[in-house]
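Content type PDB, C-alpha atoms, from the file start.pdb:
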```
MODEL        1
ATOM      1  CA  MET A 555     205.258  61.115 101.919  1.00  0.00           C
ATOM      2  CA  SER A 556     204.152  58.835  99.141  1.00  0.00           C
ATOM      3  CA  ARG A 557     200.875  57.011  99.628  1.00  0.00           C
ATOM      4  CA  TRP A 558     202.667  53.743  98.847  1.00  0.00           C
ATOM      5  CA  LEU A 559     205.183  54.371 101.606  1.00  0.00           C
ATOM      6  CA  ILE A 560     202.415  55.145 104.077  1.00  0.00           C
ATOM      7  CA  ALA A 561     200.540  52.005 102.986  1.00  0.00           C
ATOM      8  CA  THR A 562     203.711  49.937 103.460  1.00  0.00           C
ATOM      9  CA  MET A 563     204.347  51.380 106.908  1.00  0.00           C
ATOM     10  CA  THR A 564     200.718  50.768 107.874  1.00  0.00           C
ATOM     11  CA  SER A 565     200.967  47.133 106.744  1.00  0.00           C
ATOM     12  CA  VAL A 566     204.177  46.584 108.701  1.00  0.00           C
ATOM     13  CA  LEU A 567     202.557  48.174 111.762  1.00  0.00           C
ATOM     14  CA  PHE A 568     199.569  45.861 111.273  1.00  0.00           C
ATOM     15  CA  ILE A 569     201.779  42.762 111.230  1.00  0.00           C
ATOM     16  CA  ALA A 570     203.678  43.892 114.330  1.00  0.00           C
ATOM     17  CA  LEU A 571     200.487  44.658 116.243  1.00  0.00           C
ATOM     18  CA  VAL A 572     198.882  41.342 115.303  1.00  0.00           C
ATOM     19  CA  ILE A 573     201.951  39.534 116.640  1.00  0.00           C
ATOM     20  CA  ALA A 574     201.804  41.583 119.842  1.00  0.00           C
ATOM     21  CA  VAL A 575     198.059  41.118 120.318  1.00  0.00           C
ATOM     22  CA  MET A 576     198.305  37.371 119.736  1.00  0.00           C
ATOM     23  CA  GLY A 577     201.177  37.177 122.199  1.00  0.00           C
ATOM     24  CA  PHE A 578     199.121  38.870 124.887  1.00  0.00           C
ATOM     25  CA  GLU A 579     196.065  36.736 124.081  1.00  0.00           C
ATOM     26  CA  ALA A 580     198.170  33.582 124.367  1.00  0.00           C
ATOM     27  CA  LEU A 581     199.774  34.765 127.588  1.00  0.00           C
ATOM     28  CA  LEU A 582     196.737  36.123 129.388  1.00  0.00           C
ATOM     29  CA  ALA A 583     193.875  34.015 128.040  1.00  0.00           C
ATOM     30  CA  ASP A 584     195.824  30.850 127.166  1.00  0.00           C
ATOM     31  CA  VAL A 585     194.391  30.578 123.629  1.00  0.00           C
ATOM     32  CA  GLU A 586     196.149  29.392 120.502  1.00  0.00           C
ATOM     33  CA  ALA A 587     196.075  31.355 117.270  1.00  0.00           C
ATOM     34  CA  ILE A 588     195.170  28.221 115.331  1.00  0.00           C
ATOM     35  CA  PRO A 589     193.626  25.662 117.710  1.00  0.00           C
ATOM     36  CA  GLN A 590     193.774  22.748 115.239  1.00  0.00           C
ATOM     37  CA  PRO A 591     196.776  20.609 116.286  1.00  0.00           C
ATOM     38  CA  ASP A 592     197.294  19.189 112.797  1.00  0.00           C
ATOM     39  CA  ALA A 593     197.488  22.591 111.088  1.00  0.00           C
ATOM     40  CA  SER A 594     200.655  23.645 109.337  1.00  0.00           C
ATOM     41  CA  PRO A 595     202.914  26.012 111.283  1.00  0.00           C
ATOM     42  CA  TYR A 596     202.686  28.362 108.304  1.00  0.00           C
ATOM     43  CA  LEU A 597     198.900  28.691 108.381  1.00  0.00           C
ATOM     44  CA  GLY A 598     198.735  31.575 110.880  1.00  0.00           C
ATOM     45  CA  PRO A 599     201.503  33.616 109.246  1.00  0.00           C
ATOM     46  CA  THR A 600     199.921  33.066 105.828  1.00  0.00           C
ATOM     47  CA  MET A 601     196.613  34.368 107.135  1.00  0.00           C
ATOM     48  CA  VAL A 602     198.345  37.452 108.557  1.00  0.00           C
ATOM     49  CA  VAL A 603     200.184  38.143 105.277  1.00  0.00           C
ATOM     50  CA  ALA A 604     196.892  37.930 103.353  1.00  0.00           C
ATOM     51  CA  ALA A 605     195.332  40.369 105.813  1.00  0.00           C
ATOM     52  CA  ALA A 606     198.364  42.672 105.508  1.00  0.00           C
ATOM     53  CA  ALA A 607     197.835  42.770 101.740  1.00  0.00           C
ATOM     54  CA  VAL A 608     194.246  43.897 102.342  1.00  0.00           C
ATOM     55  CA  VAL A 609     195.472  46.568 104.776  1.00  0.00           C
ATOM     56  CA  PHE A 610     198.065  47.756 102.233  1.00  0.00           C
ATOM     57  CA  LEU A 611     195.528  48.066  99.396  1.00  0.00           C
ATOM     58  CA  ALA A 612     192.852  49.671 101.568  1.00  0.00           C
ATOM     59  CA  THR A 613     195.289  52.239 102.931  1.00  0.00           C
ATOM     60  CA  ALA A 614     196.653  53.107  99.490  1.00  0.00           C
ATOM     61  CA  ALA A 615     193.137  53.480  98.078  1.00  0.00           C
ATOM     62  CA  GLY A 616     191.835  55.385 101.103  1.00  0.00           C
ATOM     63  CA  ILE A 617     194.611  57.970 100.983  1.00  0.00           C
ATOM     64  CA  ARG A 618     193.702  58.922  97.445  1.00  0.00           C
ATOM     65  CA  GLU A 619     189.982  59.315  98.061  1.00  0.00           C
ATOM     66  CA  GLY A 620     187.314  58.280 100.496  1.00  0.00           C
ATOM     67  CA  ASN A 621     186.328  58.669 104.114  1.00  0.00           C
ATOM     68  CA  PRO A 622     188.910  57.270 106.581  1.00  0.00           C
ATOM     69  CA  GLY A 623     186.193  55.656 108.697  1.00  0.00           C
ATOM     70  CA  VAL A 624     184.567  53.914 105.771  1.00  0.00           C
ATOM     71  CA  THR A 625     187.972  52.864 104.453  1.00  0.00           C
ATOM     72  CA  GLY A 626     188.783  51.387 107.859  1.00  0.00           C
ATOM     73  CA  LEU A 627     185.513  49.437 107.918  1.00  0.00           C
ATOM     74  CA  VAL A 628     186.119  48.135 104.395  1.00  0.00           C
ATOM     75  CA  ALA A 629     189.628  47.076 105.436  1.00  0.00           C
ATOM     76  CA  ALA A 630     188.235  45.319 108.514  1.00  0.00           C
ATOM     77  CA  ALA A 631     185.674  43.413 106.450  1.00  0.00           C
ATOM     78  CA  GLY A 632     188.287  42.548 103.836  1.00  0.00           C
ATOM     79  CA  THR A 633     190.691  41.389 106.527  1.00  0.00           C
ATOM     80  CA  TYR A 634     188.017  39.167 108.036  1.00  0.00           C
ATOM     81  CA  LEU A 635     187.205  37.561 104.706  1.00  0.00           C
ATOM     82  CA  ALA A 636     190.849  37.228 103.633  1.00  0.00           C
ATOM     83  CA  MET A 637     191.880  35.568 106.876  1.00  0.00           C
ATOM     84  CA  LEU A 638     189.019  33.083 106.824  1.00  0.00           C
ATOM     85  CA  ALA A 639     189.437  32.269 103.134  1.00  0.00           C
ATOM     86  CA  THR A 640     193.213  31.871 103.393  1.00  0.00           C
ATOM     87  CA  GLY A 641     192.867  29.752 106.517  1.00  0.00           C
ATOM     88  CA  ALA A 642     190.197  27.561 104.937  1.00  0.00           C
ATOM     89  CA  VAL A 643     192.209  26.927 101.785  1.00  0.00           C
ATOM     90  CA  GLY A 644     195.449  26.368 103.683  1.00  0.00           C
ATOM     91  CA  TYR A 645     193.950  24.029 106.254  1.00  0.00           C
ATOM     92  CA  SER A 646     191.987  22.024 103.697  1.00  0.00           C
ATOM     93  CA  MET A 647     195.142  21.621 101.597  1.00  0.00           C
ATOM     94  CA  SER A 648     197.181  20.447 104.582  1.00  0.00           C
ATOM     95  CA  ARG A 649     194.497  17.931 105.592  1.00  0.00           C
ATOM     96  CA  GLY A 650     193.569  16.932 102.057  1.00  0.00           C
ATOM     97  CA  ASP A 651     189.919  17.316 102.949  1.00  0.00           C
ATOM     98  CA  GLY A 652     187.633  19.586 100.935  1.00  0.00           C
ATOM     99  CA  THR A 653     185.021  19.806 103.674  1.00  0.00           C
ATOM    100  CA  GLU A 654     187.441  21.943 105.683  1.00  0.00           C
ATOM    101  CA  LEU A 655     186.704  24.749 103.230  1.00  0.00           C
ATOM    102  CA  LEU A 656     183.449  25.167 105.153  1.00  0.00           C
ATOM    103  CA  VAL A 657     184.331  23.775 108.564  1.00  0.00           C
ATOM    104  CA  PHE A 658     187.471  25.871 109.210  1.00  0.00           C
ATOM    105  CA  PRO A 659     185.807  29.284 108.637  1.00  0.00           C
ATOM    106  CA  ALA A 660     182.817  28.249 110.738  1.00  0.00           C
ATOM    107  CA  GLY A 661     185.070  27.279 113.644  1.00  0.00           C
ATOM    108  CA  SER A 662     187.407  30.274 113.309  1.00  0.00           C
ATOM    109  CA  ALA A 663     184.884  33.012 112.583  1.00  0.00           C
ATOM    110  CA  LEU A 664     184.841  34.278 116.179  1.00  0.00           C
ATOM    111  CA  SER A 665     188.307  33.178 117.283  1.00  0.00           C
ATOM    112  CA  PRO A 666     190.391  35.755 119.157  1.00  0.00           C
ATOM    113  CA  PHE A 667     193.050  35.555 116.427  1.00  0.00           C
ATOM    114  CA  VAL A 668     190.670  36.586 113.644  1.00  0.00           C
ATOM    115  CA  VAL A 669     188.664  39.122 115.655  1.00  0.00           C
ATOM    116  CA  GLY A 670     191.813  40.712 117.104  1.00  0.00           C
ATOM    117  CA  SER A 671     193.313  40.998 113.626  1.00  0.00           C
ATOM    118  CA  VAL A 672     190.159  42.657 112.315  1.00  0.00           C
ATOM    119  CA  VAL A 673     190.213  45.252 115.106  1.00  0.00           C
ATOM    120  CA  VAL A 674     193.916  45.928 114.535  1.00  0.00           C
ATOM    121  CA  ALA A 675     193.287  46.321 110.777  1.00  0.00           C
ATOM    122  CA  LEU A 676     190.498  48.814 111.423  1.00  0.00           C
ATOM    123  CA  LEU A 677     192.660  50.912 113.729  1.00  0.00           C
ATOM    124  CA  CYS A 678     195.768  50.790 111.509  1.00  0.00           C
ATOM    125  CA  VAL A 679     193.948  51.804 108.340  1.00  0.00           C
ATOM    126  CA  LEU A 680     191.971  54.501 110.120  1.00  0.00           C
ATOM    127  CA  GLY A 681     195.165  55.928 111.595  1.00  0.00           C
ATOM    128  CA  GLY A 682     197.203  55.636 108.398  1.00  0.00           C
ATOM    129  CA  VAL A 683     194.608  57.288 106.180  1.00  0.00           C
ATOM    130  CA  SER A 684     193.874  60.010 108.727  1.00  0.00           C
ATOM    131  CA  ALA A 685     197.577  60.795 109.179  1.00  0.00           C
ATOM    132  CA  ALA A 686     198.120  60.971 105.429  1.00  0.00           C
ATOM    133  CA  ARG A 687     195.109  63.255 105.001  1.00  0.00           C
ATOM    134  CA  HIS A 688     196.336  65.505 107.812  1.00  0.00           C
ATOM    135  CA  GLN A 689     199.788  65.683 106.255  1.00  0.00           C
ATOM    136  CA  ALA A 690     198.294  66.594 102.864  1.00  0.00           C
ATOM    137  CA  ARG A 691     196.181  69.361 104.431  1.00  0.00           C
ATOM    138  CA  GLN A 692     199.231  70.756 106.243  1.00  0.00           C
ATOM    139  CA  ARG A 693     201.284  70.683 103.051  1.00  0.00           C
ATOM    140  CA  SER A 694     198.577  72.487 101.063  1.00  0.00           C
ATOM    141  CA  ALA A 695     198.106  75.081 103.824  1.00  0.00           C
ATOM    142  CA  ASP A 696     201.849  75.745 103.921  1.00  0.00           C
ATOM    143  CA  ALA A 697     202.042  76.093 100.139  1.00  0.00           C
ATOM    144  CA  ALA A 698     199.052  78.461  99.881  1.00  0.00           C
ATOM    145  CA  PRO A 699     199.790  82.186  99.556  1.00  0.00           C
ATOM    146  CA  GLY A 700     199.677  83.727 102.984  1.00  0.00           C
ATOM    147  CA  GLY A 701     200.067  80.305 104.618  1.00  0.00           C
ATOM    148  CA  GLU A 702     202.602  79.316 107.260  1.00  0.00           C
ATOM    149  CA  GLY A 703     205.295  78.537 104.671  1.00  0.00           C
ATOM    150  CA  ASP A 704     204.891  81.905 102.920  1.00  0.00           C
ATOM    151  CA  ARG A 705     206.204  84.053 105.788  1.00  0.00           C
ATOM    152  CA  ARG A 706     209.553  85.778 105.241  1.00  0.00           C
TER     153      ARG A 706
ENDMDL
END
```
Could you spell out this file's structure in structure tokens?
Amino acid sequence: MSRWLIATMTSVLFIALVIAVMGFEALLADVEAIPQPDASPYLGPTMVVAAAAVVFLATAAGIREGNPGVTGLVAAAGTYLAMLATGAVGYSMSRGDGTELLVFPAGSALSPFVVGSVVVALLCVLGGVSAARHQARQRSADAAPGGEGDRR
């Protein structure tokens, strides 16, 4: 499979898992994704789309080269920063208050929404890159002379 296809599937899986995790967090722990009542209804989805872009790019880059574990950690850190930055800009624009650029990330840094998304990003990228690497090793072993695919 193409690395772009795997990166796309990993990003879609990330979005689906974030929705599922947030649903369970809201159901079991009674927490809101965005606790600010005056936030736009599009703030949470925008944060998830920004994080999905990070997951897509990290997966595509990690398949080509790099350690899957390190790629997963880079994706987790990038997801954390992208979600906080997107949330800060979006919330400060909806309120018209520039101080929210600092206040929103400080209040959301350890929220279950952000932390859960970071964990999901780590697992998705780790799994996507590892699966792609395994598939590439299998393909090269099958194509090698005397490999599984060479039997007649």
Problem set entry | Selection: 7 Å around stretch 656-667 of chain A, only C-alpha atoms, excl. self and same-chain fewer than 2 positions, as a list of chain:residue names |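 My reading of the contact set: A:Met576, A:Ala587, A:Leu638, A:Ala642, A:Thr653, A:Glu654, A:Val669, A:Gly670, A:Ser671.
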For this session: Could you state which residues are captured by the PyMOL selection byres ((chain A and resi 560) around 10) in this file, as a list of chain:residue names?
Result: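 Given this file, the PyMOL selection byres ((chain A and resi 560) around 10) evaluates to A:Met555, A:Ser556, A:Arg557, A:Trp558, A:Leu559, A:Ala561, A:Thr562, A:Met563, A:Thr564, A:Ser565, A:Val566, A:Phe610, A:Thr613, A:Ala614, A:Ile617, A:Gly682, A:Val683, A:Ala685, A:Ala686.
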Problem set entry | Pick from A:Ala695, A:Leu581, A:Ala629, A:Val643 nearest to A:Ala606, counting only C-alpha atoms |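 So, comparing all the options, the nearest one is A:Ala629.
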Report as an mmCIF file with C-alpha atoms, in the coordinates of the input all protein, DNA and RNA residues lying within 9 Å of A:Gly644, evaluated on only C-alpha atoms, omitting residues in the same chain fewer than 6 positions from it.
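Output saved as out-v1.cif:
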```cif
data_model
loop_
_atom_site.group_PDB
_atom_site.id
_atom_site.type_symbol
_atom_site.label_atom_id
_atom_site.label_comp_id
_atom_site.auth_asym_id
_atom_site.auth_seq_id
_atom_site.Cartn_x
_atom_site.Cartn_y
_atom_site.Cartn_z
ATOM 1 C CA ALA A 593 197.488 22.591 111.088
ATOM 2 C CA SER A 594 200.655 23.645 109.337
ATOM 3 C CA TYR A 596 202.686 28.362 108.304
ATOM 4 C CA LEU A 597 198.900 28.691 108.381
ATOM 5 C CA THR A 600 199.921 33.066 105.828
ATOM 6 C CA MET A 601 196.613 34.368 107.135
ATOM 7 C CA LEU A 655 186.704 24.749 103.230
#
```
Listed atoms of stretch 556-568 of chain A boxed along x, y and z, 8 Å each side, centre and edge lengths in Å, one decimal, as AutoDock Vina command-line options:
```
--center_x 202.4 --center_y 52.3 --center_z 105.3 --size_x 21.6 --size_y 29.0 --size_z 28.9
```
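Picture a line from atom CA of A:Leu611 to atom CA of A:His688; it runs 19.4 Å.
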For this session: Could you tell me which of A:Leu627, A:Asp696, A:Gly620, A:Glu579 comes closest to A:Ala675 if we count only C-alpha atoms?
Result: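 Using only C-alpha atoms, A:Ala675 sits closest to A:Leu627.
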For this session: Would you please work out which residue, of A:Gly616, A:Pro599, A:Pro622, A:Gly652, is nearest to A:Val572 when using all atoms listed in the file?
Result: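 With all atoms listed in the file as the atom set, the closest residue is A:Pro599.
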Problem set entry | d(atom CA of A:Ala636, atom CA of A:Glu586) in Å | 19.3 Å
Problem set entry | Target residues per the PyMOL selection byres ((chain A and resi 592) around 9), formatted as a list of chain:residue names |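 This file, filtered by the PyMOL selection byres ((chain A and resi 592) around 9), leaves A:Pro589, A:Gln590, A:Pro591, A:Ala593, A:Ser594, A:Pro595, A:Tyr645, A:Ser648, A:Arg649.
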Next, dump the selected residues to file, keeping only C-alpha atoms, as a JSON list (two decimals), in the frame of the given file.
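And here is the file that came out, result-v1.json:
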```
[["chain", "number", "residue", "atom", "x", "y", "z"],
["A", 589, "PRO", "CA", 193.63, 25.66, 117.71],
["A", 590, "GLN", "CA", 193.77, 22.75, 115.24],
["A", 591, "PRO", "CA", 196.78, 20.61, 116.29],
["A", 593, "ALA", "CA", 197.49, 22.59, 111.09],
["A", 594, "SER", "CA", 200.66, 23.64, 109.34],
["A", 595, "PRO", "CA", 202.91, 26.01, 111.28],
["A", 645, "TYR", "CA", 193.95, 24.03, 106.25],
["A", 648, "SER", "CA", 197.18, 20.45, 104.58],
["A", 649, "ARG", "CA", 194.50, 17.93, 105.59]]
```
Exercise. Between A:Ala612, A:Val672, A:Met637, A:Ala690, which one has atoms that come closest to A:Val624, using all atoms listed in the file?
Worked result: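 Checking each of A:Ala612, A:Val672, A:Met637, A:Ala690 against A:Val624, counting all atoms listed in the file, the winner is A:Ala612.
Proximity of A:Val603, A:Val608, A:Leu676, A:Val628 to A:Gly641, computed with all atoms listed in the file, is greatest for A:Val603.
The spacing separating atom CA of A:Ala639 from atom CA of A:Val602 amounts to 11.6 Å.
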